[in-house]
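First comes the structure, then the notes that go with it.
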Amino acid sequence: MNILKSKRNLIISTVIVLLVIVSGIGIFLYKENIVTKSQDKQSQLKSELVYKEETQMLELEELSKEVKEVKKDETIRLAKEELAAKKAEALRLAEEAKKAEEEKAAKEAEEERKASSNQTASSTEQTDNTSSGPSNTDYVLVTDYIPDILVELKYATTDNFTGQVIYDFTDAYLRYGTVKKLAVAQEKFKAMGYKIKIWDAYRPFYAQEKLWEVVPDSRYVANPANGMKAHNLGGSIDITLVTFDGTELTMPTAFDDFSAKADRDYSDVSAEAAANAQLMEDVMESCGFTGYFGEWWDFSDTNINSFPAVDFQP
Ligand SMILES: C[C@@H](N)C(=O)N[C@H](C)C(=O)O
């Protein structure tokens with residue numbers, strides 16, 4: 001009986017020990033699981049944090065790029081504004097200088113005319129007068145003296161900034177003295193493979209008034225209130241250059257493009273246009289013409305202010 005009892009007790013104690021061991025192992029495994037799970041959670045949080053940081057860094061980089069772009073645009077805009085202001089100022093100064101020069105020359109011409117009217121001999125402006133030839137201040141047909149010059153008078157058509165026919169003749173007339181200078185220029189251009197094309201030459205005063213009615217802006221059209229000037233005196237021309245097959249050279253703008261790009265500061269146009277306009281300016285100036293600052297196509301005889309105002313009818 002005692003043996004049976006102690007056997008049972010042994011079994012019970014063994015079972016209890018086993019139970020304790022099993023539950024110990026269970027508790028250990030349970031704890032391990034919790035630790036692993038929390039470690040996983042921690043590393044997930046960490047990588048989320050790293051990802052967020054990286055995203056924020058990228059966003060920051062993008063933002064600083066955008067800020068740089070905006071700053072660049074602003075600098076360009078300010079530089080452009082400054083350039084435009086400088087151009088406007090240069091144009092205004094050039095106009096003032098031109099006006100002063102015109103007034104001075106007109107005064108001198110008037111005095112010269114008065115003096116010469118008292119003389120029986122011909123004036124210095126008419127040194128070329130012969131019994132058959134014209135004097136320097138006589139109006140002549142340009143093609144009589146420069147037969148290979150091209151003439152396409154824009155104001156004889158509607159293809160001009162007014163959209164109207166401004167005068168009803170299609171031939172170019174200028175003073176004889178001016179034509180002689182133009183003939184020299186034509187020869188120089190021909191040696192380079194080019195010819196002159198005339199868009200406008202002598203312009204009657206009524207035509208000046210019509211142009212002014214459409215664009216009353218003295219930067220682009222001479223104000224008729226100042227009397228007969230430039231084209232009305234038969235000493236100014238609007239021209240471009242063409243190759244021998246008649247193709248127009250690339251120039252800063254189209255004719256009568258009344259914008260800053262048309263002026264003689266060629267820094268804002270293509271290199272080709274700038275080079276062509278500069279070449280035309282250099283040759284014309286070497287032949288006794290002055291280029292009007294506001295328009296690359298406009299040239300005047302340097303003697304223009306000694307030309308008497310005549311209401312010439314072509
Ligand atoms: C209108 C244009 N072609 C022109 O000739 N402008 C000058 C300033 C002028 O009118 O004399």
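Residue names in the structure tokens use chain letters A, B, ... in the order shown, residue numbers from 1 in each chain, and ligand numbers from 1 in the order shown.
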(message) To check your reading of the model: which residues sit at most 10 Å from ligand 1 when counting only C-alpha atoms and all ligand atoms? Write the answer as a ChimeraX atom specification.
(response) /A:95,154-155,160-162,199-201,203,207-209,211-212,215,217-224,228-233,236-239,255-258,292-295,297-300
(request) From a DSSP calculation on the backbone, collect every residue of stretch 33-251 of chain A in helix (DSSP H, G or I) and output the set as JSON, numbers by chain. (result) {"A": [33, 34, 35, 36, 37, 38, 39, 40, 41, 42, 43, 44, 45, 46, 47, 48, 49, 50, 51, 52, 53, 54, 55, 56, 57, 58, 59, 60, 61, 62, 63, 64, 65, 66, 67, 68, 69, 70, 71, 72, 73, 74, 75, 76, 77, 78, 79, 80, 81, 82, 83, 84, 85, 86, 87, 88, 89, 90, 91, 92, 93, 94, 95, 96, 97, 98, 99, 100, 101, 102, 103, 104, 105, 106, 107, 108, 109, 110, 111, 112, 113, 114, 115, 116, 117, 124, 125, 126, 142, 143, 144, 145, 154, 155, 156, 176, 177, 178, 179, 180, 181, 182, 183, 184, 185, 186, 187, 188, 189, 190, 205, 206, 207, 208, 209, 210, 211, 212, 213, 214, 224, 225, 226, 230, 231, 232, 233]}
When you look at stretch 141-145 of chain A with a cut-off of 10 Å (counting only C-alpha atoms), what residues show up, excluding the ones that are within fewer than 4 positions of it in the same chain? I need them as a PDB file with C-alpha atoms, in the first residue's frame.
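Okay, this is what ended up in result-v8.pdb:
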ATOM      1  CA  ILE A 149      18.575  99.533-108.471  1.00  0.00           C
ATOM      2  CA  LEU A 150      15.356  97.792-107.366  1.00  0.00           C
ATOM      3  CA  VAL A 151      12.348  99.998-106.648  1.00  0.00           C
ATOM      4  CA  ASP A 171       8.943 105.643-109.298  1.00  0.00           C
ATOM      5  CA  ALA A 172      11.612 106.746-106.852  1.00  0.00           C
ATOM      6  CA  TYR A 173      12.668 110.414-107.006  1.00  0.00           C
ATOM      7  CA  LEU A 174      15.524 112.027-105.082  1.00  0.00           C
ATOM      8  CA  ARG A 175      17.796 115.044-105.337  1.00  0.00           C
ATOM      9  CA  TYR A 176      20.537 114.622-107.925  1.00  0.00           C
ATOM     10  CA  THR A 178      21.714 112.237-103.217  1.00  0.00           C
ATOM     11  CA  VAL A 179      21.393 109.974-106.249  1.00  0.00           C
ATOM     12  CA  LYS A 180      25.077 110.396-107.001  1.00  0.00           C
ATOM     13  CA  LEU A 182      23.481 106.323-103.794  1.00  0.00           C
ATOM     14  CA  ALA A 183      25.123 105.267-107.056  1.00  0.00           C
ATOM     15  CA  ILE A 198      14.170 101.098-102.361  1.00  0.00           C
ATOM     16  CA  ALA A 201      12.328 107.812-101.440  1.00  0.00           C
ATOM     17  CA  PRO A 314       6.278 113.294-109.455  1.00  0.00           C
TER      18      PRO A 314
END
If you count only C-alpha atoms, which residues fall within 7 Å of A:Asp311, apart from same-chain ones fewer than 2 positions away, as a PDB file with N, CA, C and O atoms, in the first residue's frame?
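Wrote around03.pdb, looks like this:
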ATOM      1  N   PRO A 204       5.842 113.115-100.850  1.00  0.00           N
ATOM      2  CA  PRO A 204       5.188 114.428-100.785  1.00  0.00           C
ATOM      3  C   PRO A 204       4.669 114.708 -99.365  1.00  0.00           C
ATOM      4  O   PRO A 204       4.409 113.775 -98.604  1.00  0.00           O
ATOM      5  N   ALA A 309      12.946 123.404 -99.395  1.00  0.00           N
ATOM      6  CA  ALA A 309      11.662 122.689 -99.376  1.00  0.00           C
ATOM      7  C   ALA A 309      10.897 123.006-100.657  1.00  0.00           C
ATOM      8  O   ALA A 309      10.634 124.175-100.955  1.00  0.00           O
ATOM      9  N   GLN A 313       6.020 117.512-107.549  1.00  0.00           N
ATOM     10  CA  GLN A 313       4.957 116.579-107.966  1.00  0.00           C
ATOM     11  C   GLN A 313       5.532 115.545-108.938  1.00  0.00           C
ATOM     12  O   GLN A 313       5.834 115.892-110.071  1.00  0.00           O
TER      13      GLN A 313
END
(request) Please identify which residues in stretch 4-227 of chain A DSSP calls strand (DSSP E) from the backbone, and express them as a PyMOL selection string. (result) chain A and resi 139-141+150-151+173-175+194-200
(message) What does the structure give for the distance between atom CA of A:Ala254 and atom CA of A:Gly177, in Å to one decimal?
(response) 28.6 Å
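Relative to atom CA of A:Thr290, atom CA of A:Ser270 is found at 23.0 Å.
Taking atom CA of A:Asp73 and atom CA of A:Ala262 as endpoints, the distance between them is 25.0 Å.
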Give me the residues near A:Leu279 as an mmCIF file with N, CA, C and O atoms, in the first residue's frame, where near means some atom within 12 Å (using only C-alpha atoms) and where sequence neighbours in that chain fewer than 5 positions away do not count.
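Written out: out.cif:
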data_model
loop_
_atom_site.group_PDB
_atom_site.id
_atom_site.type_symbol
_atom_site.label_atom_id
_atom_site.label_comp_id
_atom_site.auth_asym_id
_atom_site.auth_seq_id
_atom_site.Cartn_x
_atom_site.Cartn_y
_atom_site.Cartn_z
ATOM 1 N N ALA A 185 27.170 103.945 -103.463
ATOM 2 C CA ALA A 185 26.820 102.873 -102.509
ATOM 3 C C ALA A 185 26.416 101.606 -103.271
ATOM 4 O O ALA A 185 26.847 100.495 -102.922
ATOM 5 N N LYS A 188 29.372 99.733 -104.451
ATOM 6 C CA LYS A 188 30.064 99.050 -103.339
ATOM 7 C C LYS A 188 29.317 97.769 -102.965
ATOM 8 O O LYS A 188 29.915 96.722 -102.744
ATOM 9 N N PHE A 189 27.975 97.859 -102.906
ATOM 10 C CA PHE A 189 27.188 96.671 -102.548
ATOM 11 C C PHE A 189 27.318 95.593 -103.620
ATOM 12 O O PHE A 189 27.411 94.405 -103.318
ATOM 13 N N MET A 192 30.003 93.262 -103.426
ATOM 14 C CA MET A 192 29.842 92.258 -102.351
ATOM 15 C C MET A 192 28.763 91.233 -102.707
ATOM 16 O O MET A 192 28.424 90.368 -101.906
ATOM 17 N N TYR A 194 25.512 92.173 -103.616
ATOM 18 C CA TYR A 194 24.178 92.669 -103.231
ATOM 19 C C TYR A 194 23.763 93.877 -104.077
ATOM 20 O O TYR A 194 24.587 94.494 -104.756
ATOM 21 N N THR A 240 16.535 98.304 -98.282
ATOM 22 C CA THR A 240 17.103 97.058 -97.761
ATOM 23 C C THR A 240 18.080 96.545 -98.816
ATOM 24 O O THR A 240 18.282 97.201 -99.850
ATOM 25 N N LEU A 241 18.672 95.371 -98.557
ATOM 26 C CA LEU A 241 19.605 94.782 -99.528
ATOM 27 C C LEU A 241 19.037 93.473 -100.063
ATOM 28 O O LEU A 241 18.363 92.740 -99.317
ATOM 29 N N LEU A 249 17.921 90.163 -97.998
ATOM 30 C CA LEU A 249 18.789 89.674 -96.915
ATOM 31 C C LEU A 249 18.008 89.692 -95.598
ATOM 32 O O LEU A 249 17.083 90.491 -95.437
ATOM 33 N N THR A 250 18.406 88.812 -94.683
ATOM 34 C CA THR A 250 17.782 88.809 -93.352
ATOM 35 C C THR A 250 18.178 90.091 -92.634
ATOM 36 O O THR A 250 19.358 90.408 -92.528
ATOM 37 N N MET A 251 17.168 90.820 -92.194
ATOM 38 C CA MET A 251 17.427 92.079 -91.475
ATOM 39 C C MET A 251 16.732 92.019 -90.108
ATOM 40 O O MET A 251 15.941 91.100 -89.863
ATOM 41 N N ARG A 264 18.863 100.776 -84.273
ATOM 42 C CA ARG A 264 20.236 100.444 -84.685
ATOM 43 C C ARG A 264 21.096 99.880 -83.546
ATOM 44 O O ARG A 264 22.298 99.747 -83.683
ATOM 45 N N TYR A 266 21.721 96.663 -82.419
ATOM 46 C CA TYR A 266 21.413 95.345 -82.983
ATOM 47 C C TYR A 266 21.631 94.205 -81.977
ATOM 48 O O TYR A 266 21.633 93.039 -82.372
ATOM 49 N N GLU A 272 22.938 87.108 -87.698
ATOM 50 C CA GLU A 272 22.901 87.319 -89.156
ATOM 51 C C GLU A 272 22.259 88.674 -89.482
ATOM 52 O O GLU A 272 22.796 89.471 -90.264
ATOM 53 N N ALA A 273 21.105 88.935 -88.856
ATOM 54 C CA ALA A 273 20.400 90.201 -89.095
ATOM 55 C C ALA A 273 21.272 91.380 -88.668
ATOM 56 O O ALA A 273 21.367 92.396 -89.380
ATOM 57 N N ALA A 274 21.916 91.230 -87.520
ATOM 58 C CA ALA A 274 22.768 92.315 -87.008
ATOM 59 C C ALA A 274 23.911 92.591 -87.991
ATOM 60 O O ALA A 274 24.199 93.750 -88.307
ATOM 61 N N MET A 284 26.558 102.709 -96.306
ATOM 62 C CA MET A 284 25.795 103.939 -96.554
ATOM 63 C C MET A 284 26.488 105.137 -95.903
ATOM 64 O O MET A 284 26.583 106.212 -96.501
ATOM 65 N N GLU A 285 26.976 104.940 -94.673
ATOM 66 C CA GLU A 285 27.626 106.064 -93.991
ATOM 67 C C GLU A 285 28.926 106.452 -94.696
ATOM 68 O O GLU A 285 29.283 107.622 -94.737
ATOM 69 N N SER A 286 29.599 105.460 -95.279
ATOM 70 C CA SER A 286 30.849 105.776 -95.993
ATOM 71 C C SER A 286 30.565 106.524 -97.297
ATOM 72 O O SER A 286 31.468 107.054 -97.926
ATOM 73 N N GLY A 291 22.362 107.094 -90.855
ATOM 74 C CA GLY A 291 21.250 106.185 -90.538
ATOM 75 C C GLY A 291 20.436 106.744 -89.388
ATOM 76 O O GLY A 291 21.003 107.202 -88.397
ATOM 77 N N TRP A 296 16.338 100.753 -88.887
ATOM 78 C CA TRP A 296 17.535 100.262 -89.582
ATOM 79 C C TRP A 296 17.484 100.543 -91.088
ATOM 80 O O TRP A 296 18.513 100.547 -91.760
ATOM 81 N N TRP A 297 16.290 100.779 -91.659
ATOM 82 C CA TRP A 297 16.131 100.938 -93.108
ATOM 83 C C TRP A 297 16.223 102.407 -93.564
ATOM 84 O O TRP A 297 16.224 102.681 -94.750
#
